[in-house]
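Okay, structure first, notes after.
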Amino acid sequence: MSLSFQFAHSLPEIIIALGALFLLMLGAFGAGKRDWIITEVAIVILGVALLSMFYPVDGKALVWNGAFVDDAFARFMKMLALGGALVSLVLSREFMAREEIDFFEFPVLILLATLGMSMLISANGLIALYVGLELMSLALYVIAAFHRDNLRASEAGLKYFALGALSSGMLLYGSSLIYGFTGTVNFPELAVALQGTPPLGAVFGLVFILAGLAFKMSMVPFHMWTPDVYEGAPTPVTAFFASAAKMAAVAITVRIVITAFPGIKLQWQQIVMFISILSMIVGAFGALWQTNIKRLMAYSSIGHMGFAMVGLAAGSENGVAGVLIYLAIYLVMTLGTFATILSMRVGNQYVENIGDLAGLSRNNGLMAFAVAMMMFSLSGIPPLAGFFAKYYVFAAAINAGLYWLAVIGMLASTVAAFYYLRVVKIVYFDPPARPFERAAIEVRGVMTICLIVVVIFGAIASPLVDAAGAAARSLVWY
Amino acid sequence: MSVAAAFFYLFSAVMIASAFMVIAARNPVHSVLFLILAFVNASGLFILLGAEFLAMILVVVYVGAVAVLFLFVVMMLDVDFAVLKKGMLQYAPVAAIIGVIVVIELALVVGGWTAKPGAAPKAASNLSNTEALGRVLYTQYAYFFQAAGMILLTAMIGAIVLTLHHKPGVKRQVIADQNARDRKEAVELKKVPSRTGI
């Protein structure tokens, strides 16, 4: 296997890794401590890495001695993760400058976290999974506490770190059990080793691995950190957590259960259904009494991960495609919502209470419309994008005969609609609060683009659906 | 008794004794020094087993970094070990139960130990441990090696970002500026008339 072949298949990772090192040098020896053009260069690096995935390489390839897999699934998920990271960086520029925390390390850490995500998505074994996960998590712990003079940000970072270390321990414990009972850490070899009646120890290991991954996806019962971290971390960091980090965690969960554990499908299906149902319910009821919009988004993301996992619970090719479509749409809705949250600035102060949005329709018509459309879409009202997301996963669940799972999902979605619609009511029918300052051009741009995508999604859905279908096929039938 | 066996008993005896002294010593600095002694003896045991790479790593990492770090912590922080040790007898029954459980587990593991059917002894080769590890570390496992490097880099950046505060108004030595000074800038000749002062 030639070196250039390996490089061609891991081009995005190499670009991001070298880019991060280059920016670190530029920041350390370049101008001063404060951000200079580092963020802009980081955005360009992520953009180049994103474009490099269109480099024509055929089919599925195993490189780096079978540790790293490059297939349509990996490329689809990497585009989402890299896209999320890129937009989060774009959104961060104004916020970090105004809060005076625009140090050059921030874009470098975002790049390193993105590198970890990308390695995680392409992991083809438990060791590769773990190193990717740790690289991503370590960078995320640091950027959660990036506003180190802010008490709540430090608390968020510490909480995330302590619980994250615990989840890493669970993941490692599960991996050691799996290795002990099968003698391999490679996903395709695990699939061969775990045919027929599985040893009890391997099932035990599966439970621990899924528990560790559920933590990263912030799914119930491992969601406790989510609201506090989302609220405490700087808002662009929260956007990064809710978008890119989620993509990578869900991608590796899908990959590991589909490629490594098809022999014990019955066991993982039960676990996935369990965490999916609990997440949908907690996501719906937990958000009802929230007054902080970042906490609301935290519960919303817990609920949405539950909906996405409905597709995985179906365990079919359509189900996996449904998860991918769900994630793509969720990414756009989340980034659009965070763009509006980052436009909530009164005087020189960023505000994050839902009450601050009161009567927005009379102060800023476009932003009010964007908030309303994002909320309608998050609650899954046709003909917006969020409806299609839910449609594909529930259709897959019903095709797999999981009627009651779909029913619970729809009920949870009805409850969740209450708090999404409450935001719309506050925006349109409450007496106006103080108007917001004008946000930076790039924040408004992201908001507008996400708004357009969410509104006209029904007309442009087919390329995405085709790509998701191809990605799911590359994972399941090879 | 062969020389190797004699050294095995020597290293083991010293190691067990010093491990006991780690918890028994009154002075915490002595505890850390005994810990270092235990590490050095463990590394001697590794050499007897022919695992010279592990022996080196043990000395470099545990003695060179971890134990010295402990020593710094013990000497810099004012931890009163006498107070910490006060309740020790109180917990002795619980500790004894846990100890018995561990001994039983060890006995079960050692008693049930059989070689896997078909497992062959390692083929003799001229490669040393270190060389054999090096051959796969940079080729077969290059991906993990690089990834581990990125993780350590991230940890380093994170530690610096979160703890390093640049205080304004602190005078720092700028060596370049110092070297750039020459006699003309640094020395000024003043003609002072006598009896008037400056």
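Residue numbers start at 1 in each chain; chains themselves are named A, B, ... in the order of the structure tokens; ligands are numbered from 1 in the order shown.
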
Quick one: residues within 12 Å of Ser154 in chain A, only C-alpha atoms counted, chain neighbours fewer than 6 positions away excluded, as a tab-separated table (two decimals) with all heavy atoms, in the first residue's frame?
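Wrote part.tsv, looks like this:
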```
chain	number	residue	atom	x	y	z
A	141	TYR	N	-12.83	19.87	26.45
A	141	TYR	CA	-12.78	20.28	27.87
A	141	TYR	C	-12.17	21.67	27.98
A	141	TYR	O	-12.65	22.50	28.75
A	141	TYR	CB	-11.90	19.33	28.69
A	141	TYR	CG	-12.31	17.88	28.69
A	141	TYR	CD1	-11.35	16.88	28.77
A	141	TYR	CD2	-13.65	17.51	28.64
A	141	TYR	CE1	-11.71	15.54	28.78
A	141	TYR	CE2	-14.00	16.18	28.64
A	141	TYR	CZ	-13.03	15.20	28.71
A	141	TYR	OH	-13.38	13.89	28.70
A	142	VAL	N	-11.09	21.88	27.22
A	142	VAL	CA	-10.39	23.16	27.36
A	142	VAL	C	-11.25	24.30	26.83
A	142	VAL	O	-11.38	25.33	27.49
A	142	VAL	CB	-9.04	23.11	26.63
A	142	VAL	CG1	-8.33	24.43	26.75
A	142	VAL	CG2	-8.18	22.01	27.18
A	143	ILE	N	-11.87	24.12	25.66
A	143	ILE	CA	-12.61	25.26	25.13
A	143	ILE	C	-13.90	25.49	25.90
A	143	ILE	O	-14.43	26.59	25.89
A	143	ILE	CB	-12.89	25.18	23.61
A	143	ILE	CG1	-13.60	23.90	23.25
A	143	ILE	CG2	-11.63	25.33	22.82
A	143	ILE	CD1	-14.02	23.89	21.81
A	144	ALA	N	-14.41	24.48	26.63
A	144	ALA	CA	-15.58	24.73	27.48
A	144	ALA	C	-15.22	25.72	28.57
A	144	ALA	O	-16.04	26.56	28.96
A	144	ALA	CB	-16.09	23.43	28.09
A	145	ALA	N	-13.99	25.64	29.06
A	145	ALA	CA	-13.56	26.55	30.14
A	145	ALA	C	-12.74	27.70	29.58
A	145	ALA	O	-11.97	28.32	30.30
A	145	ALA	CB	-12.74	25.77	31.16
A	146	PHE	N	-12.90	27.99	28.27
A	146	PHE	CA	-11.99	28.94	27.64
A	146	PHE	C	-12.10	30.33	28.25
A	146	PHE	O	-11.12	31.07	28.33
A	146	PHE	CB	-12.26	29.00	26.13
A	146	PHE	CG	-11.09	29.52	25.37
A	146	PHE	CD1	-10.01	28.71	25.14
A	146	PHE	CD2	-11.06	30.82	24.90
A	146	PHE	CE1	-8.90	29.18	24.46
A	146	PHE	CE2	-9.97	31.30	24.22
A	146	PHE	CZ	-8.89	30.48	24.00
A	147	HIS	N	-13.30	30.69	28.70
A	147	HIS	CA	-13.48	31.99	29.36
A	147	HIS	C	-13.11	31.80	30.83
A	147	HIS	O	-13.96	31.71	31.69
A	147	HIS	CB	-14.93	32.44	29.23
A	147	HIS	CG	-15.09	33.91	29.40
A	147	HIS	ND1	-16.26	34.54	29.14
A	147	HIS	CD2	-14.24	34.86	29.81
A	147	HIS	CE1	-16.12	35.83	29.37
A	147	HIS	NE2	-14.91	36.04	29.77
A	148	ARG	N	-11.80	31.77	31.11
A	148	ARG	CA	-11.38	31.23	32.41
A	148	ARG	C	-11.64	32.20	33.55
A	148	ARG	O	-11.60	31.81	34.71
A	148	ARG	CB	-9.91	30.85	32.37
A	148	ARG	CG	-9.02	32.03	32.10
A	148	ARG	CD	-7.60	31.61	31.99
A	148	ARG	NE	-6.78	32.80	31.81
A	148	ARG	CZ	-5.52	32.78	31.51
A	148	ARG	NH1	-4.91	31.64	31.36
A	148	ARG	NH2	-4.85	33.89	31.36
A	160	TYR	N	-17.55	19.02	32.91
A	160	TYR	CA	-17.44	18.23	31.68
A	160	TYR	C	-16.23	17.33	31.76
A	160	TYR	O	-16.27	16.17	31.36
A	160	TYR	CB	-17.34	19.19	30.50
A	160	TYR	CG	-17.46	18.53	29.15
A	160	TYR	CD1	-18.32	17.46	28.97
A	160	TYR	CD2	-16.73	18.99	28.08
A	160	TYR	CE1	-18.42	16.85	27.74
A	160	TYR	CE2	-16.84	18.40	26.85
A	160	TYR	CZ	-17.68	17.33	26.69
A	160	TYR	OH	-17.78	16.74	25.47
A	161	PHE	N	-15.13	17.86	32.33
A	161	PHE	CA	-13.90	17.08	32.41
A	161	PHE	C	-14.09	15.89	33.34
A	161	PHE	O	-13.73	14.75	32.99
A	161	PHE	CB	-12.76	17.96	32.90
A	161	PHE	CG	-11.48	17.21	33.11
A	161	PHE	CD1	-10.82	16.66	32.04
A	161	PHE	CD2	-10.95	17.04	34.37
A	161	PHE	CE1	-9.65	15.95	32.22
A	161	PHE	CE2	-9.79	16.33	34.56
A	161	PHE	CZ	-9.13	15.79	33.48
A	228	ASP	N	-25.79	22.23	32.06
A	228	ASP	CA	-24.83	23.10	32.74
A	228	ASP	C	-23.70	23.52	31.81
A	228	ASP	O	-23.30	24.69	31.79
A	228	ASP	CB	-24.24	22.38	33.95
A	228	ASP	CG	-25.28	22.20	35.04
A	228	ASP	OD1	-26.31	22.90	34.97
A	228	ASP	OD2	-25.07	21.37	35.93
A	229	VAL	N	-23.19	22.56	31.04
A	229	VAL	CA	-22.08	22.89	30.15
A	229	VAL	C	-22.55	23.81	29.03
A	229	VAL	O	-21.89	24.79	28.69
A	229	VAL	CB	-21.44	21.61	29.59
A	229	VAL	CG1	-20.41	21.94	28.54
A	229	VAL	CG2	-20.81	20.82	30.71
A	231	GLU	N	-24.91	25.92	29.13
A	231	GLU	CA	-25.18	27.26	29.65
A	231	GLU	C	-23.89	27.99	29.99
A	231	GLU	O	-23.74	29.17	29.72
A	231	GLU	CB	-26.07	27.16	30.90
A	231	GLU	CG	-26.57	28.50	31.38
A	231	GLU	CD	-27.21	28.40	32.73
A	231	GLU	OE1	-27.41	27.28	33.23
A	231	GLU	OE2	-27.52	29.47	33.30
A	232	GLY	N	-22.95	27.27	30.61
A	232	GLY	CA	-21.75	27.92	31.11
A	232	GLY	C	-20.73	28.25	30.04
A	232	GLY	O	-20.07	29.29	30.11
A	233	ALA	N	-20.59	27.40	29.04
A	233	ALA	CA	-19.55	27.61	28.03
A	233	ALA	C	-19.88	28.85	27.20
A	233	ALA	O	-21.05	29.22	27.07
A	233	ALA	CB	-19.45	26.38	27.14
A	234	PRO	N	-18.85	29.49	26.62
A	234	PRO	CA	-19.12	30.62	25.70
A	234	PRO	C	-20.03	30.15	24.56
A	234	PRO	O	-19.91	29.01	24.10
A	234	PRO	CB	-17.74	30.98	25.17
A	234	PRO	CG	-16.78	30.42	26.16
A	234	PRO	CD	-17.42	29.25	26.79
B	162	LEU	N	-5.23	27.49	30.09
B	162	LEU	CA	-6.08	27.65	31.26
B	162	LEU	C	-5.34	28.20	32.47
B	162	LEU	O	-5.97	28.70	33.40
B	162	LEU	CB	-6.73	26.31	31.63
B	162	LEU	CG	-7.74	25.82	30.60
B	162	LEU	CD1	-8.34	24.51	31.03
B	162	LEU	CD2	-8.83	26.83	30.37
B	163	THR	N	-4.01	28.10	32.51
B	163	THR	CA	-3.34	28.50	33.74
B	163	THR	C	-2.37	29.65	33.58
B	163	THR	O	-2.09	30.33	34.55
B	163	THR	CB	-2.57	27.32	34.35
B	163	THR	OG1	-1.68	26.82	33.38
B	163	THR	CG2	-3.51	26.23	34.79
```

Up to 8 Å from chain B, what residues of chain A turn up? Count only C-alpha atoms and give them as a short mmCIF file (atom, residue, chain, number, x, y, z; two decimals) with N, CA, C and O atoms, in the first residue's frame.
```
data_model
loop_
_atom_site.label_atom_id
_atom_site.label_comp_id
_atom_site.auth_asym_id
_atom_site.auth_seq_id
_atom_site.Cartn_x
_atom_site.Cartn_y
_atom_site.Cartn_z
N TRP A 64 -3.59 2.98 6.74
CA TRP A 64 -2.86 2.99 8.02
C TRP A 64 -3.04 1.66 8.73
O TRP A 64 -3.45 1.60 9.88
N ASN A 65 -2.72 0.59 8.03
CA ASN A 65 -2.76 -0.75 8.61
C ASN A 65 -4.11 -1.13 9.19
O ASN A 65 -4.21 -1.70 10.28
N ALA A 67 -6.35 0.71 10.49
CA ALA A 67 -6.85 1.49 11.62
C ALA A 67 -7.87 2.53 11.17
O ALA A 67 -8.67 3.01 11.96
N GLU A 105 -5.21 30.54 20.70
CA GLU A 105 -5.33 29.11 20.97
C GLU A 105 -6.73 28.59 20.62
O GLU A 105 -6.89 27.40 20.37
N LEU A 109 -7.38 25.02 19.01
CA LEU A 109 -8.06 23.94 19.74
C LEU A 109 -9.27 23.43 18.97
O LEU A 109 -9.56 22.23 18.97
N LEU A 112 -7.91 21.10 16.43
CA LEU A 112 -7.50 19.82 17.02
C LEU A 112 -8.72 18.98 17.37
O LEU A 112 -8.73 17.76 17.15
N ILE A 127 -8.99 0.87 19.30
CA ILE A 127 -7.89 1.78 19.67
C ILE A 127 -8.03 3.10 18.92
O ILE A 127 -7.92 4.18 19.50
N ALA A 128 -8.31 3.00 17.62
CA ALA A 128 -8.49 4.22 16.84
C ALA A 128 -9.66 5.02 17.37
O ALA A 128 -9.62 6.26 17.45
N VAL A 131 -8.37 6.84 20.64
CA VAL A 131 -7.48 7.99 20.46
C VAL A 131 -8.23 9.17 19.82
O VAL A 131 -8.05 10.32 20.22
N GLY A 132 -9.11 8.86 18.88
CA GLY A 132 -9.90 9.94 18.28
C GLY A 132 -10.79 10.61 19.30
O GLY A 132 -10.85 11.85 19.39
N GLU A 134 -10.44 10.73 22.56
CA GLU A 134 -9.70 11.50 23.56
C GLU A 134 -9.19 12.81 22.98
O GLU A 134 -9.22 13.84 23.65
N LEU A 135 -8.72 12.77 21.73
CA LEU A 135 -8.24 14.01 21.11
C LEU A 135 -9.38 15.02 21.05
O LEU A 135 -9.22 16.19 21.42
N LEU A 138 -10.41 16.09 24.87
CA LEU A 138 -9.46 16.95 25.57
C LEU A 138 -9.58 18.39 25.08
O LEU A 138 -9.63 19.32 25.88
N ALA A 139 -9.66 18.55 23.76
CA ALA A 139 -9.79 19.90 23.22
C ALA A 139 -11.12 20.51 23.66
O ALA A 139 -11.20 21.70 23.99
N VAL A 142 -11.09 21.88 27.22
CA VAL A 142 -10.39 23.16 27.36
C VAL A 142 -11.25 24.30 26.83
O VAL A 142 -11.38 25.33 27.49
N ALA A 145 -13.99 25.64 29.06
CA ALA A 145 -13.56 26.55 30.14
C ALA A 145 -12.74 27.70 29.58
O ALA A 145 -11.97 28.32 30.30
N PHE A 146 -12.90 27.99 28.27
CA PHE A 146 -11.99 28.94 27.64
C PHE A 146 -12.10 30.33 28.25
O PHE A 146 -11.12 31.07 28.33
N ARG A 148 -11.80 31.77 31.11
CA ARG A 148 -11.38 31.23 32.41
C ARG A 148 -11.64 32.20 33.55
O ARG A 148 -11.60 31.81 34.71
#
```

Checklist entry - How far is it from CA of Ile101 in chain B to CA of Val203 in chain A, in Å with one decimal? => result 26.0 Å

Item to check | Residues within 12 Å of range 213-215 of chain A, only C-alpha atoms, excluding chain neighbours under 3 positions, as a PyMOL selection string | outcome: chain A and resi 120+129-130+133-134+137+160-161+163-172+174-175+206-210+218-226+245-246+248-257+271-272+274-276+278-279+302+305-306+309

Checklist outcome for this item: Correct to one decimal, the distance CA of Ala412 in chain A-CA of Met280 in chain A is 6.0 Å

Checklist entry - Using the chain letters and numbers from this document, which residues of range 36-146 of chain A does DSSP assign to helix (DSSP H, G or I), as a PyMOL selection string? => result chain A and resi 38-52+72-98+105-121+126-144

Checklist entry - With only C-alpha atoms as the basis for distance, which of B:Val63, B:Met15, B:Ile23, B:Ile104 is at the shortest distance from Gly44 in chain B? => result B:Met15

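The neighbours of Val424 in chain A here are the residues that come within 8 Å of it, using only C-alpha atoms and leaving out any residue fewer than 4 positions away in the same chain; they are Val371, Ala372, Met375, Tyr420 and Tyr428 of chain A.
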
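Of the residues listed (A:Ser474, A:Ser462, A:Ser361, A:Asn353), A:Ser361 shows the shortest atom-to-atom separation from Pro432 in chain A; distances use only C-alpha atoms.
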
Checklist entry - What lies within 8 Å of range 185-197 of chain A using only C-alpha atoms, ignoring chain neighbours under 2 positions off, as an MDAnalysis selection string? => result chainID A and resid 66:67 124:127 175 178:179 182:183 199 256 259:264

Export N, CA, C and O atoms of the chosen residues as a compact mmCIF listing (two decimals), in the first residue's frame?
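Result written to selection_28.txt:
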```
# COMPACT_ATOMS: atom_id res chain seq x y z
N GLY A 66 -5.15 -0.74 8.50
CA GLY A 66 -6.49 -1.14 8.91
C GLY A 66 -7.04 -0.36 10.07
O GLY A 66 -8.10 -0.70 10.59
N ALA A 67 -6.35 0.71 10.49
CA ALA A 67 -6.85 1.49 11.62
C ALA A 67 -7.87 2.53 11.17
O ALA A 67 -8.67 3.01 11.96
N ASN A 124 -11.61 2.43 12.67
CA ASN A 124 -12.00 1.08 12.27
C ASN A 124 -11.62 0.06 13.34
O ASN A 124 -11.53 -1.12 13.08
N GLY A 125 -11.39 0.53 14.55
CA GLY A 125 -11.04 -0.37 15.63
C GLY A 125 -11.18 0.36 16.95
O GLY A 125 -11.35 1.59 16.97
N LEU A 126 -11.11 -0.41 18.04
CA LEU A 126 -11.35 0.21 19.33
C LEU A 126 -10.23 1.17 19.73
O LEU A 126 -10.48 2.18 20.38
N ILE A 127 -8.99 0.87 19.30
CA ILE A 127 -7.89 1.78 19.67
C ILE A 127 -8.03 3.10 18.92
O ILE A 127 -7.92 4.18 19.50
N SER A 175 -14.12 -1.81 26.33
CA SER A 175 -13.21 -2.25 25.27
C SER A 175 -12.36 -3.41 25.75
O SER A 175 -12.10 -4.36 25.01
N ILE A 178 -14.40 -6.54 25.70
CA ILE A 178 -14.59 -7.02 24.33
C ILE A 178 -13.32 -7.68 23.83
O ILE A 178 -13.34 -8.77 23.26
N TYR A 179 -12.19 -7.04 24.07
CA TYR A 179 -10.92 -7.61 23.60
C TYR A 179 -10.65 -8.93 24.29
O TYR A 179 -10.20 -9.90 23.67
N THR A 182 -13.01 -11.65 22.74
CA THR A 182 -12.96 -11.94 21.31
C THR A 182 -11.53 -12.03 20.78
O THR A 182 -11.29 -12.64 19.76
N GLY A 183 -10.59 -11.38 21.46
CA GLY A 183 -9.20 -11.43 21.02
C GLY A 183 -8.88 -10.49 19.88
O GLY A 183 -7.84 -10.62 19.24
N PRO A 199 -20.62 -14.51 23.85
CA PRO A 199 -20.26 -14.68 25.25
C PRO A 199 -20.82 -13.52 26.08
O PRO A 199 -20.91 -12.39 25.60
N ILE A 256 -19.94 1.62 14.94
CA ILE A 256 -19.52 0.49 15.77
C ILE A 256 -20.64 -0.55 15.86
O ILE A 256 -20.38 -1.74 15.74
N THR A 259 -21.00 -2.11 12.06
CA THR A 259 -19.92 -2.89 11.47
C THR A 259 -19.30 -3.89 12.45
O THR A 259 -18.79 -4.91 12.02
N ALA A 260 -19.31 -3.58 13.75
CA ALA A 260 -18.62 -4.49 14.68
C ALA A 260 -19.57 -5.46 15.36
O ALA A 260 -19.17 -6.56 15.70
N PHE A 261 -20.81 -5.06 15.60
CA PHE A 261 -21.70 -5.90 16.39
C PHE A 261 -22.96 -6.35 15.65
O PHE A 261 -24.03 -6.42 16.26
N PRO A 262 -22.89 -6.66 14.35
CA PRO A 262 -24.13 -7.12 13.71
C PRO A 262 -24.58 -8.46 14.30
O PRO A 262 -25.77 -8.77 14.29
N GLY A 263 -23.63 -9.24 14.85
CA GLY A 263 -23.98 -10.54 15.40
C GLY A 263 -24.78 -10.45 16.69
O GLY A 263 -25.49 -11.38 17.04
N ILE A 264 -24.66 -9.33 17.41
CA ILE A 264 -25.43 -9.19 18.64
C ILE A 264 -26.40 -8.02 18.50
O ILE A 264 -26.57 -7.19 19.38
```

Item to check | Best match for closeness to Gly401 in chain A among A:Leu91, A:Ala313, A:Cys450, A:Met53, counting only C-alpha atoms | outcome: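 Looking only at the distances to Gly401 in chain A, the closest residue turns out to be A:Ala313.
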
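Minimum atom-to-atom distance to Ser413 in chain A, evaluated using only C-alpha atoms, belongs to A:Ser377 out of A:Ser92, A:Ser377, A:Asn363, A:Thr448.
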
Checklist entry - Leaving out range 78-84 of chain A and any residue of its chain fewer than 6 positions from it, which residues lie within 7 Å of it when counting only C-alpha atoms, given as a ChimeraX atom specification? => result /A:46,50,114,118,121,240,243-244,247-248,328,331

Excluding Ala74 in chain A and its own-chain neighbours fewer than 5 positions away, which residues fall within 8 Å of it when counting only C-alpha atoms? Please give them as an mmCIF file with N, CA, C and O atoms, in the first residue's frame.
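Result file is part.cif:
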```
data_model
loop_
_atom_site.group_PDB
_atom_site.id
_atom_site.type_symbol
_atom_site.label_atom_id
_atom_site.label_comp_id
_atom_site.auth_asym_id
_atom_site.auth_seq_id
_atom_site.Cartn_x
_atom_site.Cartn_y
_atom_site.Cartn_z
ATOM 1 N N VAL A 69 -10.628 3.882 8.179
ATOM 2 C CA VAL A 69 -11.434 3.482 7.051
ATOM 3 C C VAL A 69 -11.990 4.730 6.365
ATOM 4 O O VAL A 69 -12.390 5.689 7.027
ATOM 5 N N ILE A 121 -14.628 9.484 13.324
ATOM 6 C CA ILE A 121 -15.596 9.049 12.319
ATOM 7 C C ILE A 121 -15.008 7.940 11.461
ATOM 8 O O ILE A 121 -15.708 7.020 11.056
ATOM 9 N N SER A 122 -13.683 8.002 11.206
ATOM 10 C CA SER A 122 -13.055 7.007 10.346
ATOM 11 C C SER A 122 -12.462 5.838 11.113
ATOM 12 O O SER A 122 -11.799 5.005 10.515
ATOM 13 N N ALA A 471 -24.288 6.541 1.591
ATOM 14 C CA ALA A 471 -23.428 6.430 2.769
ATOM 15 C C ALA A 471 -23.850 5.248 3.624
ATOM 16 O O ALA A 471 -23.010 4.466 4.092
#
```

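Distance-wise, CA of Val393 in chain A and CA of Ala468 in chain A end up 12.4 Å apart.
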
Next on the checklist: Run DSSP on the backbone and tell me which residues of range 321-391 of chain A come out as strand (DSSP E); list them as a list in words.
Outcome noted: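 Selection result, strand (DSSP E) within range 321-391 of chain A: Arg345, Val346, Gln349 and Tyr350 of chain A.
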
If you keep N, CA and C atoms, can you produce a file of those selected residues as a PDB file, in the first residue's frame?
```pdb
ATOM      1  N   ARG A 345     -27.901  40.733  21.577  1.00  0.00           N
ATOM      2  CA  ARG A 345     -26.969  41.576  22.304  1.00  0.00           C
ATOM      3  C   ARG A 345     -27.647  42.899  22.598  1.00  0.00           C
ATOM      4  N   VAL A 346     -27.769  43.234  23.876  1.00  0.00           N
ATOM      5  CA  VAL A 346     -28.358  44.503  24.289  1.00  0.00           C
ATOM      6  C   VAL A 346     -27.231  45.357  24.844  1.00  0.00           C
ATOM      7  N   GLN A 349     -23.761  43.888  25.951  1.00  0.00           N
ATOM      8  CA  GLN A 349     -23.880  42.674  26.741  1.00  0.00           C
ATOM      9  C   GLN A 349     -24.651  41.624  25.958  1.00  0.00           C
ATOM     10  N   TYR A 350     -24.086  40.410  25.894  1.00  0.00           N
ATOM     11  CA  TYR A 350     -24.850  39.324  25.294  1.00  0.00           C
ATOM     12  C   TYR A 350     -25.873  38.836  26.311  1.00  0.00           C
TER      13      TYR A 350
END
```
